[in-house]
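Peer 1: This is the structure I want to talk about, given as structure tokens.
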Amino acid sequence: MKKIMIGFAALLIIAGGAVAAMKWLGIGPFEAVDVAAVEKEPEEPKEETIFIDMDPLMLPVIKGSQIAGTIQIQIKLETQGTDNAIFLKRRLTKVSDAFVKDLHGFVPRLLKKKERLDVIILKDRLKLIGQRLLGKGYIDDVLVQSVIETPAR
């Protein structure tokens with residue numbers, strides 16, 4: 001038992017000496033990092049965020065064989081950079097048409113599950129439709145500014 005304790009103590013002394021030597025020499029895990037070199041890495045220039053206004057989307061809600069009301073949705077599209085903004089502005093009518101076509105089927109199903117229109121679900125759905133239509137990278141986010149539900153008279 002004495003031999004095991006002496007061997008263990010010798011092992012601890014050698015390990016402590018190795019750690020002290022590595023720290024004094026600045027090698028291994030104690031190597032100094034040149035902060036100036038890390039900070040000088042070129043940063044990617046961030047493109048500015050641009051918001052594009054869309055005309056309000058008007059959706060009639062049909063219940064049975066008659067119109068139960070209308071829903072007006074005001075949205076903005078968020079994109080990065082002027083190139084993407086120009087691309088979106090040129091295709092704004094196609095995007096609006098795709099949104100209206102999809103929401104005619106989606107909104108009644110959503111209203112069956114919930115009493116009111118959930119803005120977060122609507123936002124995610126419009127972003128998905130925009131990415132399907134134009135591809136990823138053009139529409140970063142869809143901002144739903146207002147949802148106005150008007151019952152029929």
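In the structure tokens, chains take letters A, B, ... by order of appearance, with residues numbered from 1 within each chain and ligands from 1 in the order shown.
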From a DSSP calculation on the backbone, collect every residue of chain A in strand (DSSP E or B) and output the set as a PyMOL selection string.

Peer 2: chain A and resi 49-53+57-63+66-80+141-151

Peer 1: Enumerate the residues of segment 31-108 of chain A with a DSSP assignment of helix (DSSP H, G or I), computed from the backbone, and present them as a ChimeraX atom specification.

Peer 2: /A:35-39,82-90,92-108

Peer 1: Mind giving me the straight-line distance from atom CA of Asp53 of chain A to atom CA of Gly105 of chain A in Å, one decimal?

Peer 2: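 Separating atom CA of Asp53 of chain A from atom CA of Gly105 of chain A is a distance of 23.7 Å.
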
Peer 1: Compile a residue-level contact table for segment 30-93 of chain A against segment 134-142 of chain A at a cut-off of 10 Å, reporting for every qualifying residue the shortest atom pair and its distance in Å to one decimal, with only C-alpha atoms counted, rows ordered by chain and ascending number, as a tab-separated table.

Peer 2:
```
residue	atom	partner	partner_atom	distance
A:Thr49	CA	A:Asp140	CA	9.3
A:Ile50	CA	A:Asp140	CA	10.0
A:Phe51	CA	A:Val142	CA	9.3
A:Ile52	CA	A:Val142	CA	9.7
A:Ile75	CA	A:Val142	CA	6.9
A:Lys76	CA	A:Val142	CA	6.0
A:Leu77	CA	A:Val142	CA	4.8
A:Glu78	CA	A:Asp141	CA	5.0
A:Thr79	CA	A:Asp140	CA	5.2
A:Gln80	CA	A:Asp140	CA	7.3
A:Gly81	CA	A:Tyr138	CA	9.5
A:Asp83	CA	A:Tyr138	CA	9.3
A:Asn84	CA	A:Tyr138	CA	5.7
A:Ala85	CA	A:Tyr138	CA	8.0
A:Phe87	CA	A:Tyr138	CA	8.0
A:Leu88	CA	A:Tyr138	CA	7.2
A:Arg91	CA	A:Leu134	CA	8.8
```
